[in-house]
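Below is one structure, written out as structure tokens, with a few remarks after it.
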Amino acid sequence: MNVILRKTGLTICVALLAGAGFGLWYGGLSQAAAATNYEQLQKFSKIMEMVRRSYVEEVPDEDLINGALSGMLSSLDPHSVYLDKEMYKQMQVDTTGKFGGLGIEITAADGGIRIVAPIEDTPADRAGVHAGDIIVKIDDVLARGMSLPEAVKLMRGKPGTAIVLTIVRKGEAQPLEIRIVRDVIKVKSVKHDFVAPGYAYMRITQFQERTAELLKKDVIELKKKAGGKLYGAVLDLRNNPGGLLNQAVSVSDLFLESGGIVSTKSRTGRNLSFKAKPGDVLDGVALTVLLNNGSASASEIVAGALKDNHRAVLLGERSFGKGSVQSVVGLPDGSAIKLTTALYYTPSGRSIQATGIEPDVLVEAVRVSKADKDAEAKAKKRPRVFERDLKGHLKNGGKGKAKQKTADEVHGEPSKAMQERLQRDVVLQRALDLLRGMHAVQGMAQH
């Protein structure tokens, strides 16, 4: 699953599916099936009565039932789960982008709890948590065999209090202990900048209720700052654990003139299909999408739609591979169940469940050391010699000087933070190189 200290994240909440497939009553079963179910219910009732009478401590009936429901759903797959009243209420609040906790998305894993992705600009992100880390201990409690709701309750807490996660990380010989201070987290779903004059940068950290609306607004602002025209754009979905399906569809639709976006197929036959409406907010300029193994669910829907419609070039690493749909069904007592009810498919008919989406251009993330940065800085300071610096060089035989770009033509300057980021973000550097190349080829084709 994917609850933790944030909204449904990986979970794609599909309200239209919420009522599908849950009308399985004894009246619709054969006599043999009904008899078998009755026997199993008798078995459950007998065991519950034994626990009630003989367990070493008295346990409230509600706790026994909740425990049984939690175990039943978590045994199905990593994303089906029983949500008690507190968790369901928190999940409903979290989709607005403000919630308390650490700022990580989790799922079940052998030997512990897997971190799908840290959410950008949250305590977990700042503390150095990585996508793919396995939590083996939460403070002094071992995470092996722990249910996701149990992990959530342990990691939640009063803002300002600290928690220590013991994690196993690929490439590290020993487990790492990471201390994180809990906080009330306000996640900004969409961010924007320029990676170079005229080249837009758009970052979606998670898919919330107004993500598509905010993204469209940002693109319009970027175009205005660029003098009304962009040369290319980057859509960064790295470490985006997902969110709301309708927002994934709307974001995809922003960049597509036509074609399919995503479809879902369920065992009950209640299938959905989403198609793009005319209107590309980027007016067809080159688009690149950045992915890594922390890009999941709704992020993969967007990447798959843009890739299959040949609208964008994907760069980075293979995505997480969460291609299932969860329906959230509220119960009369204020609790709920989140049940996997369908798989989603990209426009070409591919399911990416457990396989992920492969980028068109594989670019592995590289961590630049301080020594590398120092060496690069020294190289930039070395004097460079050109033909014009040689004594007695011939004058340029052309008429007049080459036309220089005016201040108006150099538009959409990247912020200082983006300039610093470009120095260390290899994937983003390659995306900018690709966009410049595509723009240059497009310019030659027009002449």
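Going by the structure tokens order, chains are called A, B, ..., each with residues numbered from 1, while ligands are numbered from 1 in the order shown.
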Per-residue nearest contacts region 41-92 of chain A to region 142-149 of chain A, cut-off 9 Å, using only C-alpha atoms, as CSV:
```
residue,atom,partner,partner_atom,distance
A:Ser70,CA,A:Ser147,CA,8.3
A:Gly71,CA,A:Ser147,CA,8.2
A:Ser74,CA,A:Ser147,CA,7.5
A:Pro78,CA,A:Leu148,CA,8.8
A:Val81,CA,A:Pro149,CA,8.1
A:Tyr82,CA,A:Pro149,CA,8.2
A:Leu83,CA,A:Pro149,CA,7.7
A:Asp84,CA,A:Pro149,CA,8.8
A:Met87,CA,A:Pro149,CA,8.0
```
Can you write just those residues out, N, CA and C atoms, as a PDB file, in the first residue's frame?
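Written output follows (part.pdb):
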```
ATOM      1  N   SER A  70      -7.888  -6.230   8.877  1.00  0.00           N
ATOM      2  CA  SER A  70      -6.587  -5.754   8.415  1.00  0.00           C
ATOM      3  C   SER A  70      -5.762  -6.893   7.837  1.00  0.00           C
ATOM      4  N   GLY A  71      -5.755  -8.033   8.544  1.00  0.00           N
ATOM      5  CA  GLY A  71      -4.999  -9.185   8.070  1.00  0.00           C
ATOM      6  C   GLY A  71      -5.551  -9.741   6.768  1.00  0.00           C
ATOM      7  N   SER A  74      -4.591  -7.151   3.864  1.00  0.00           N
ATOM      8  CA  SER A  74      -3.151  -7.035   3.612  1.00  0.00           C
ATOM      9  C   SER A  74      -2.570  -8.317   3.037  1.00  0.00           C
ATOM     10  N   PRO A  78       0.089  -5.739  -1.820  1.00  0.00           N
ATOM     11  CA  PRO A  78       0.678  -4.675  -1.006  1.00  0.00           C
ATOM     12  C   PRO A  78      -0.162  -3.408  -0.878  1.00  0.00           C
ATOM     13  N   VAL A  81      -5.923  -2.587   1.851  1.00  0.00           N
ATOM     14  CA  VAL A  81      -5.742  -2.354   3.288  1.00  0.00           C
ATOM     15  C   VAL A  81      -7.055  -1.957   3.933  1.00  0.00           C
ATOM     16  N   TYR A  82      -7.165  -2.277   5.201  1.00  0.00           N
ATOM     17  CA  TYR A  82      -8.294  -1.816   6.012  1.00  0.00           C
ATOM     18  C   TYR A  82      -7.881  -0.523   6.692  1.00  0.00           C
ATOM     19  N   LEU A  83      -8.706   0.510   6.569  1.00  0.00           N
ATOM     20  CA  LEU A  83      -8.430   1.812   7.170  1.00  0.00           C
ATOM     21  C   LEU A  83      -9.357   2.031   8.355  1.00  0.00           C
ATOM     22  N   ASP A  84      -8.789   2.096   9.559  1.00  0.00           N
ATOM     23  CA  ASP A  84      -9.646   2.394  10.700  1.00  0.00           C
ATOM     24  C   ASP A  84     -10.118   3.847  10.607  1.00  0.00           C
ATOM     25  N   MET A  87      -7.290   6.492  10.374  1.00  0.00           N
ATOM     26  CA  MET A  87      -6.528   6.465   9.130  1.00  0.00           C
ATOM     27  C   MET A  87      -7.361   6.963   7.948  1.00  0.00           C
TER      28      MET A  87
END
```
Determine, for each residue of region 270-331 of chain A having at least one atom at most 9 Å from an atom of region 335-351 of chain A, the closest pair of atoms and their separation in Å to one decimal, counting only C-alpha atoms; order by chain and ascending number, as a tab-separated table.
```
residue	atom	partner	partner_atom	distance
A:Arg270	CA	A:Ala342	CA	8.9
A:Asn271	CA	A:Ala342	CA	8.2
A:Lys275	CA	A:Pro347	CA	9.0
A:Glu300	CA	A:Thr346	CA	8.9
A:Ile301	CA	A:Thr346	CA	6.9
A:Gly304	CA	A:Thr346	CA	5.5
A:Ala305	CA	A:Thr346	CA	6.0
A:Asp308	CA	A:Pro347	CA	6.1
A:Asn309	CA	A:Pro347	CA	7.5
A:Gly323	CA	A:Tyr344	CA	5.6
A:Ser324	CA	A:Leu343	CA	4.3
A:Val325	CA	A:Ala342	CA	5.0
A:Gln326	CA	A:Thr340	CA	4.3
A:Ser327	CA	A:Leu339	CA	5.4
A:Val328	CA	A:Lys338	CA	4.4
A:Val329	CA	A:Ala336	CA	5.4
A:Gly330	CA	A:Ala336	CA	4.2
A:Leu331	CA	A:Ala336	CA	5.1
```
Same residues, N, CA and C atoms, output as a PDB file, in the first residue's frame:
```pdb
ATOM      1  N   ARG A 270     -16.371  -3.673 -14.999  1.00  0.00           N
ATOM      2  CA  ARG A 270     -16.584  -2.218 -14.959  1.00  0.00           C
ATOM      3  C   ARG A 270     -15.285  -1.537 -15.387  1.00  0.00           C
ATOM      4  N   ASN A 271     -15.114  -1.347 -16.686  1.00  0.00           N
ATOM      5  CA  ASN A 271     -13.876  -0.803 -17.228  1.00  0.00           C
ATOM      6  C   ASN A 271     -14.057   0.658 -17.623  1.00  0.00           C
ATOM      7  N   LYS A 275      -9.708   9.558 -22.831  1.00  0.00           N
ATOM      8  CA  LYS A 275      -9.099  10.050 -24.065  1.00  0.00           C
ATOM      9  C   LYS A 275      -8.851  11.551 -23.972  1.00  0.00           C
ATOM     10  N   GLU A 300       3.266   7.288 -13.555  1.00  0.00           N
ATOM     11  CA  GLU A 300       3.449   6.330 -14.640  1.00  0.00           C
ATOM     12  C   GLU A 300       2.327   6.437 -15.671  1.00  0.00           C
ATOM     13  N   ILE A 301       1.137   6.822 -15.231  1.00  0.00           N
ATOM     14  CA  ILE A 301       0.036   7.055 -16.173  1.00  0.00           C
ATOM     15  C   ILE A 301       0.405   8.188 -17.120  1.00  0.00           C
ATOM     16  N   GLY A 304       3.351   7.141 -19.401  1.00  0.00           N
ATOM     17  CA  GLY A 304       2.905   6.172 -20.398  1.00  0.00           C
ATOM     18  C   GLY A 304       2.065   6.806 -21.491  1.00  0.00           C
ATOM     19  N   ALA A 305       1.189   7.731 -21.098  1.00  0.00           N
ATOM     20  CA  ALA A 305       0.324   8.399 -22.080  1.00  0.00           C
ATOM     21  C   ALA A 305       1.145   9.255 -23.035  1.00  0.00           C
ATOM     22  N   ASP A 308       3.395   6.809 -25.313  1.00  0.00           N
ATOM     23  CA  ASP A 308       2.668   6.045 -26.333  1.00  0.00           C
ATOM     24  C   ASP A 308       2.075   6.938 -27.415  1.00  0.00           C
ATOM     25  N   ASN A 309       1.802   8.199 -27.084  1.00  0.00           N
ATOM     26  CA  ASN A 309       1.283   9.142 -28.083  1.00  0.00           C
ATOM     27  C   ASN A 309       2.406   9.908 -28.776  1.00  0.00           C
ATOM     28  N   GLY A 323       0.937  -0.541 -11.279  1.00  0.00           N
ATOM     29  CA  GLY A 323      -0.094  -0.398 -12.296  1.00  0.00           C
ATOM     30  C   GLY A 323      -1.452  -0.905 -11.874  1.00  0.00           C
ATOM     31  N   SER A 324      -1.764  -0.868 -10.598  1.00  0.00           N
ATOM     32  CA  SER A 324      -3.069  -1.332 -10.128  1.00  0.00           C
ATOM     33  C   SER A 324      -3.899  -0.171  -9.607  1.00  0.00           C
ATOM     34  N   VAL A 325      -5.206  -0.365  -9.626  1.00  0.00           N
ATOM     35  CA  VAL A 325      -6.159   0.660  -9.203  1.00  0.00           C
ATOM     36  C   VAL A 325      -6.804   0.231  -7.902  1.00  0.00           C
ATOM     37  N   GLN A 326      -6.833   1.165  -6.939  1.00  0.00           N
ATOM     38  CA  GLN A 326      -7.500   0.888  -5.676  1.00  0.00           C
ATOM     39  C   GLN A 326      -8.793   1.682  -5.560  1.00  0.00           C
ATOM     40  N   SER A 327      -9.853   1.016  -5.127  1.00  0.00           N
ATOM     41  CA  SER A 327     -11.117   1.686  -4.846  1.00  0.00           C
ATOM     42  C   SER A 327     -11.241   1.842  -3.341  1.00  0.00           C
ATOM     43  N   VAL A 328     -11.563   3.033  -2.894  1.00  0.00           N
ATOM     44  CA  VAL A 328     -11.729   3.313  -1.470  1.00  0.00           C
ATOM     45  C   VAL A 328     -13.218   3.350  -1.159  1.00  0.00           C
ATOM     46  N   VAL A 329     -13.665   2.480  -0.258  1.00  0.00           N
ATOM     47  CA  VAL A 329     -15.081   2.363   0.069  1.00  0.00           C
ATOM     48  C   VAL A 329     -15.277   2.643   1.549  1.00  0.00           C
ATOM     49  N   GLY A 330     -15.990   3.717   1.853  1.00  0.00           N
ATOM     50  CA  GLY A 330     -16.276   4.063   3.241  1.00  0.00           C
ATOM     51  C   GLY A 330     -17.327   3.132   3.830  1.00  0.00           C
ATOM     52  N   LEU A 331     -17.169   2.819   5.104  1.00  0.00           N
ATOM     53  CA  LEU A 331     -18.111   1.952   5.811  1.00  0.00           C
ATOM     54  C   LEU A 331     -18.940   2.775   6.798  1.00  0.00           C
TER      55      LEU A 331
END
```
Could you give me, as a short mmCIF file (atom, residue, chain, number, x, y, z; two decimals) with N, CA and C atoms, in the first residue's frame, each residue of region 113-273 of chain A that DSSP assigns to strand (DSSP E) when run on this structure's backbone?
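What follows is the written file out-v1.cif:
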```cif
data_model
loop_
_atom_site.label_atom_id
_atom_site.label_comp_id
_atom_site.auth_asym_id
_atom_site.auth_seq_id
_atom_site.Cartn_x
_atom_site.Cartn_y
_atom_site.Cartn_z
N ILE A 113 9.67 -2.47 5.51
CA ILE A 113 8.78 -1.55 4.80
C ILE A 113 9.61 -0.81 3.76
N ARG A 114 9.18 -0.83 2.52
CA ARG A 114 9.93 -0.17 1.45
C ARG A 114 9.48 1.28 1.29
N ILE A 115 10.44 2.18 1.12
CA ILE A 115 10.14 3.58 0.83
C ILE A 115 10.04 3.73 -0.68
N VAL A 116 8.85 4.05 -1.15
CA VAL A 116 8.65 4.27 -2.58
C VAL A 116 9.35 5.57 -2.99
N ALA A 117 9.13 6.62 -2.21
CA ALA A 117 9.80 7.90 -2.49
C ALA A 117 9.63 8.85 -1.33
N PRO A 118 10.66 9.64 -1.05
CA PRO A 118 10.47 10.76 -0.12
C PRO A 118 9.84 11.90 -0.89
N ILE A 134 14.85 0.32 2.52
CA ILE A 134 14.00 -0.61 3.28
C ILE A 134 14.10 -0.27 4.76
N ILE A 135 12.96 0.06 5.37
CA ILE A 135 12.93 0.33 6.81
C ILE A 135 12.89 -1.00 7.54
N VAL A 136 13.91 -1.27 8.37
CA VAL A 136 13.95 -2.52 9.13
C VAL A 136 13.63 -2.30 10.60
N LYS A 137 13.67 -1.03 11.04
CA LYS A 137 13.35 -0.74 12.43
C LYS A 137 12.83 0.68 12.54
N ILE A 138 11.78 0.86 13.32
CA ILE A 138 11.21 2.17 13.61
C ILE A 138 11.43 2.45 15.08
N VAL A 141 11.49 -0.66 17.40
CA VAL A 141 10.54 -1.71 17.00
C VAL A 141 10.94 -2.26 15.63
N LEU A 142 11.13 -3.58 15.54
CA LEU A 142 11.48 -4.21 14.28
C LEU A 142 10.31 -4.11 13.29
N ALA A 162 11.06 13.64 17.44
CA ALA A 162 12.00 12.94 16.55
C ALA A 162 11.72 11.44 16.49
N ILE A 163 12.11 10.85 15.39
CA ILE A 163 12.00 9.40 15.20
C ILE A 163 13.27 8.94 14.49
N VAL A 164 13.72 7.73 14.80
CA VAL A 164 14.90 7.18 14.16
C VAL A 164 14.48 5.97 13.32
N LEU A 165 14.75 6.04 12.02
CA LEU A 165 14.49 4.93 11.12
C LEU A 165 15.80 4.22 10.82
N THR A 166 15.81 2.92 11.02
CA THR A 166 16.97 2.11 10.62
C THR A 166 16.65 1.52 9.26
N ILE A 167 17.49 1.83 8.28
CA ILE A 167 17.19 1.41 6.92
C ILE A 167 18.33 0.62 6.31
N VAL A 168 17.97 -0.22 5.35
CA VAL A 168 18.94 -0.95 4.54
C VAL A 168 18.91 -0.33 3.16
N LEU A 176 21.71 1.87 7.98
CA LEU A 176 21.88 3.28 8.33
C LEU A 176 20.80 3.72 9.30
N GLU A 177 21.16 4.55 10.26
CA GLU A 177 20.19 5.13 11.17
C GLU A 177 19.97 6.59 10.78
N ILE A 178 18.72 6.92 10.46
CA ILE A 178 18.39 8.28 10.03
C ILE A 178 17.39 8.89 11.03
N ARG A 179 17.80 9.99 11.61
CA ARG A 179 16.94 10.69 12.57
C ARG A 179 16.13 11.74 11.82
N ILE A 180 14.82 11.70 12.01
CA ILE A 180 13.92 12.63 11.32
C ILE A 180 13.02 13.31 12.36
N VAL A 181 12.88 14.60 12.25
CA VAL A 181 11.99 15.35 13.14
C VAL A 181 10.64 15.54 12.44
N ASP A 183 6.97 16.85 11.35
CA ASP A 183 6.51 18.21 11.11
C ASP A 183 5.15 18.18 10.44
N VAL A 184 4.45 19.29 10.49
CA VAL A 184 3.23 19.45 9.69
C VAL A 184 3.69 19.80 8.29
N ILE A 185 3.34 18.95 7.34
CA ILE A 185 3.89 19.06 6.00
C ILE A 185 2.89 19.69 5.05
N LYS A 186 3.33 20.75 4.39
CA LYS A 186 2.53 21.38 3.35
C LYS A 186 3.26 21.13 2.03
N VAL A 190 2.97 21.61 -7.46
CA VAL A 190 3.57 22.00 -8.73
C VAL A 190 4.59 23.12 -8.51
N LYS A 191 5.75 23.00 -9.15
CA LYS A 191 6.78 24.04 -9.12
C LYS A 191 7.22 24.32 -10.55
N HIS A 192 7.76 25.52 -10.78
CA HIS A 192 8.19 25.84 -12.14
C HIS A 192 9.40 26.76 -12.13
N ASP A 193 10.12 26.75 -13.25
CA ASP A 193 11.34 27.55 -13.40
C ASP A 193 11.74 27.47 -14.87
N PHE A 194 12.92 27.97 -15.18
CA PHE A 194 13.53 27.78 -16.50
C PHE A 194 14.84 27.03 -16.30
N VAL A 195 15.16 26.10 -17.19
CA VAL A 195 16.46 25.43 -17.13
C VAL A 195 17.48 26.17 -17.99
N ALA A 196 16.99 26.99 -18.90
CA ALA A 196 17.80 27.84 -19.76
C ALA A 196 16.84 28.84 -20.38
N TYR A 199 13.57 27.66 -22.13
CA TYR A 199 13.32 26.23 -21.87
C TYR A 199 12.70 26.08 -20.48
N ALA A 200 11.43 25.67 -20.47
CA ALA A 200 10.65 25.63 -19.23
C ALA A 200 10.94 24.38 -18.42
N TYR A 201 10.82 24.53 -17.11
CA TYR A 201 10.95 23.40 -16.18
C TYR A 201 9.69 23.33 -15.33
N MET A 202 9.05 22.15 -15.33
CA MET A 202 7.84 21.94 -14.54
C MET A 202 8.03 20.71 -13.67
N ARG A 203 7.78 20.85 -12.39
CA ARG A 203 7.99 19.76 -11.43
C ARG A 203 6.68 19.45 -10.72
N ILE A 204 6.24 18.18 -10.78
CA ILE A 204 5.06 17.74 -10.01
C ILE A 204 5.56 16.81 -8.91
N GLY A 232 11.26 24.62 -25.59
CA GLY A 232 11.14 23.24 -25.13
C GLY A 232 10.78 23.24 -23.65
N ALA A 233 10.44 22.07 -23.13
CA ALA A 233 10.01 21.99 -21.73
C ALA A 233 10.40 20.66 -21.11
N VAL A 234 10.65 20.69 -19.80
CA VAL A 234 10.95 19.50 -19.00
C VAL A 234 9.83 19.30 -18.01
N LEU A 235 9.28 18.08 -17.94
CA LEU A 235 8.30 17.72 -16.92
C LEU A 235 8.98 16.71 -16.00
N ASP A 236 9.25 17.11 -14.78
CA ASP A 236 10.00 16.30 -13.83
C ASP A 236 9.05 15.53 -12.92
N GLY A 260 -5.52 8.20 -26.78
CA GLY A 260 -5.87 7.65 -25.48
C GLY A 260 -4.92 8.13 -24.40
N ILE A 261 -5.39 8.08 -23.15
CA ILE A 261 -4.55 8.45 -22.00
C ILE A 261 -4.31 7.23 -21.12
N VAL A 262 -5.38 6.59 -20.69
CA VAL A 262 -5.25 5.39 -19.85
C VAL A 262 -6.59 4.66 -19.84
N SER A 263 -6.54 3.35 -19.63
CA SER A 263 -7.76 2.56 -19.47
C SER A 263 -7.59 1.63 -18.29
N THR A 264 -8.70 1.22 -17.72
CA THR A 264 -8.66 0.28 -16.60
C THR A 264 -9.49 -0.95 -16.94
N LYS A 265 -9.05 -2.10 -16.45
CA LYS A 265 -9.76 -3.35 -16.67
C LYS A 265 -9.89 -4.07 -15.34
N SER A 266 -11.12 -4.46 -15.02
CA SER A 266 -11.37 -5.14 -13.75
C SER A 266 -12.04 -6.49 -13.99
N LEU A 272 -12.97 1.40 -17.55
CA LEU A 272 -12.99 2.81 -17.89
C LEU A 272 -11.93 3.11 -18.94
N SER A 273 -12.17 4.14 -19.73
CA SER A 273 -11.20 4.55 -20.73
C SER A 273 -11.22 6.08 -20.83
#
```
Practice task
Determine, counting only C-alpha atoms, which protein, DNA and RNA residues have an atom within 9 Å of an atom of Ser295 (chain A); residues of the same chain fewer than 6 positions away are not included. Present the result as a ChimeraX atom specification.
Solution key: /A:116-117,237-242,318-321
Could the residues in this selection be written to a file with C-alpha atoms, as a PDB file, in the first residue's frame?
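File produced: selection_5.pdb:
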```
ATOM      1  CA  VAL A 116       8.654   4.275  -2.580  1.00  0.00           C
ATOM      2  CA  ALA A 117       9.797   7.896  -2.494  1.00  0.00           C
ATOM      3  CA  LEU A 237       8.158  13.336 -12.254  1.00  0.00           C
ATOM      4  CA  ARG A 238      11.107  11.880 -10.320  1.00  0.00           C
ATOM      5  CA  ASN A 239      10.261  10.686  -6.817  1.00  0.00           C
ATOM      6  CA  ASN A 240       6.584  11.430  -7.427  1.00  0.00           C
ATOM      7  CA  PRO A 241       4.726   8.551  -5.741  1.00  0.00           C
ATOM      8  CA  GLY A 242       1.410   9.259  -7.443  1.00  0.00           C
ATOM      9  CA  ARG A 318      12.786   2.736 -15.009  1.00  0.00           C
ATOM     10  CA  SER A 319       9.743   3.725 -12.966  1.00  0.00           C
ATOM     11  CA  PHE A 320       8.379   1.903  -9.900  1.00  0.00           C
ATOM     12  CA  GLY A 321       5.829  -0.308 -11.686  1.00  0.00           C
TER      13      GLY A 321
END
```
Handout entry: Given only C-alpha atoms as the counted atoms, nearest of A:Met155, A:Leu394, A:Val426, A:Ala431 to Val289 (chain A)
Key =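 Nearest candidate to Val289 (chain A) out of A:Met155, A:Leu394, A:Val426, A:Ala431: A:Ala431.
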Exercise for the section: Find the residues around Leu315 (chain A) up to 12 Å (only C-alpha atoms counted), leave out those fewer than 5 positions away in its own chain, and share them as a ChimeraX atom specification. Expected result: /A:234-238,287-292,303,307,357-365,426-435
Handout entry: Exercise: Ala248 (chain A) partners within 8 Å, only C-alpha atoms, chain neighbours under 6 positions left out, as a VMD selection string
Key = chain A and resid 207 212 298 to 299 301 to 302
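For the pair CA of Leu69 (chain A) and CA of Phe44 (chain A), the separation is 11.6 Å.
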Exercise for the section: Take CA of Leu256 (chain A) and CA of Gly243 (chain A) and report the distance between them in Å, one decimal. Expected result: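 Taking CA of Leu256 (chain A) and CA of Gly243 (chain A), their separation equals 20.4 Å.
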Practice task
Pick out each residue of region 26-68 of chain A that DSSP on the backbone tags as helix (DSSP H, G or I); I need them as an NGL selection string.
Solution key: :A and (26-28 or 31-54 or 61-68)
Problem - Nearby residues (only C-alpha atoms) at most 10 Å from Thr211 (chain A), same-chain spacing under 3 positions excluded, as a list in words - result: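 That gives Lys188, Ser189, Val190, Ile204, Thr205, Gln206, Phe207, Gln208, Leu214, Leu215, Lys216, Lys217, Gly243, Leu244, Asn246, Gln247, Ala248, Ser250 and Val251 of chain A.
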I need the residues from that last selection saved to file as an mmCIF file, in the first residue's frame (with N, CA and C atoms), if you can.
```cif
data_model
loop_
_atom_site.group_PDB
_atom_site.id
_atom_site.type_symbol
_atom_site.label_atom_id
_atom_site.label_comp_id
_atom_site.auth_asym_id
_atom_site.auth_seq_id
_atom_site.Cartn_x
_atom_site.Cartn_y
_atom_site.Cartn_z
ATOM 1 N N LYS A 188 3.786 21.459 -1.837
ATOM 2 C CA LYS A 188 3.453 22.241 -3.021
ATOM 3 C C LYS A 188 3.475 21.293 -4.202
ATOM 4 N N SER A 189 2.312 21.035 -4.758
ATOM 5 C CA SER A 189 2.182 20.008 -5.791
ATOM 6 C C SER A 189 2.958 20.333 -7.055
ATOM 7 N N VAL A 190 2.967 21.608 -7.462
ATOM 8 C CA VAL A 190 3.574 21.999 -8.732
ATOM 9 C C VAL A 190 4.588 23.125 -8.513
ATOM 10 N N ILE A 204 6.242 18.181 -10.777
ATOM 11 C CA ILE A 204 5.061 17.742 -10.012
ATOM 12 C C ILE A 204 5.557 16.815 -8.910
ATOM 13 N N THR A 205 5.338 17.205 -7.654
ATOM 14 C CA THR A 205 5.800 16.393 -6.528
ATOM 15 C C THR A 205 4.804 15.292 -6.179
ATOM 16 N N GLN A 206 3.529 15.551 -6.389
ATOM 17 C CA GLN A 206 2.469 14.558 -6.200
ATOM 18 C C GLN A 206 1.197 15.094 -6.841
ATOM 19 N N PHE A 207 0.275 14.187 -7.149
ATOM 20 C CA PHE A 207 -0.952 14.566 -7.837
ATOM 21 C C PHE A 207 -2.065 14.797 -6.816
ATOM 22 N N GLN A 208 -2.375 16.077 -6.594
ATOM 23 C CA GLN A 208 -3.402 16.479 -5.643
ATOM 24 C C GLN A 208 -4.627 16.997 -6.374
ATOM 25 N N LEU A 214 -3.135 24.037 -11.515
ATOM 26 C CA LEU A 214 -1.941 24.805 -11.154
ATOM 27 C C LEU A 214 -0.857 24.684 -12.220
ATOM 28 N N LEU A 215 -0.712 23.481 -12.792
ATOM 29 C CA LEU A 215 0.295 23.277 -13.830
ATOM 30 C C LEU A 215 -0.007 24.129 -15.059
ATOM 31 N N LYS A 216 -1.254 24.160 -15.471
ATOM 32 C CA LYS A 216 -1.640 24.971 -16.632
ATOM 33 C C LYS A 216 -1.350 26.446 -16.372
ATOM 34 N N LYS A 217 -1.653 26.884 -15.173
ATOM 35 C CA LYS A 217 -1.392 28.278 -14.795
ATOM 36 C C LYS A 217 0.104 28.588 -14.867
ATOM 37 N N GLY A 243 -0.867 9.702 -6.817
ATOM 38 C CA GLY A 243 -1.959 10.525 -6.324
ATOM 39 C C GLY A 243 -3.267 10.207 -7.011
ATOM 40 N N LEU A 244 -3.994 11.239 -7.367
ATOM 41 C CA LEU A 244 -5.345 11.082 -7.874
ATOM 42 C C LEU A 244 -5.376 10.792 -9.369
ATOM 43 N N ASN A 246 -7.807 11.216 -11.589
ATOM 44 C CA ASN A 246 -8.373 12.266 -12.445
ATOM 45 C C ASN A 246 -7.354 13.364 -12.731
ATOM 46 N N GLN A 247 -6.432 13.606 -11.789
ATOM 47 C CA GLN A 247 -5.413 14.617 -12.023
ATOM 48 C C GLN A 247 -4.331 14.109 -12.986
ATOM 49 N N ALA A 248 -4.020 12.829 -12.917
ATOM 50 C CA ALA A 248 -3.080 12.241 -13.877
ATOM 51 C C ALA A 248 -3.641 12.343 -15.289
ATOM 52 N N SER A 250 -5.909 14.576 -16.338
ATOM 53 C CA SER A 250 -5.971 15.985 -16.723
ATOM 54 C C SER A 250 -4.597 16.538 -17.085
ATOM 55 N N VAL A 251 -3.567 16.130 -16.354
ATOM 56 C CA VAL A 251 -2.212 16.583 -16.662
ATOM 57 C C VAL A 251 -1.784 16.049 -18.029
#
```
Problem - Residue with smallest distance to Ala226 (chain A) - pool A:Ala32, A:Arg436, A:Pro414, A:Arg311, counting only C-alpha atoms - result: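 Of all the options, A:Pro414 lies closest to Ala226 (chain A).
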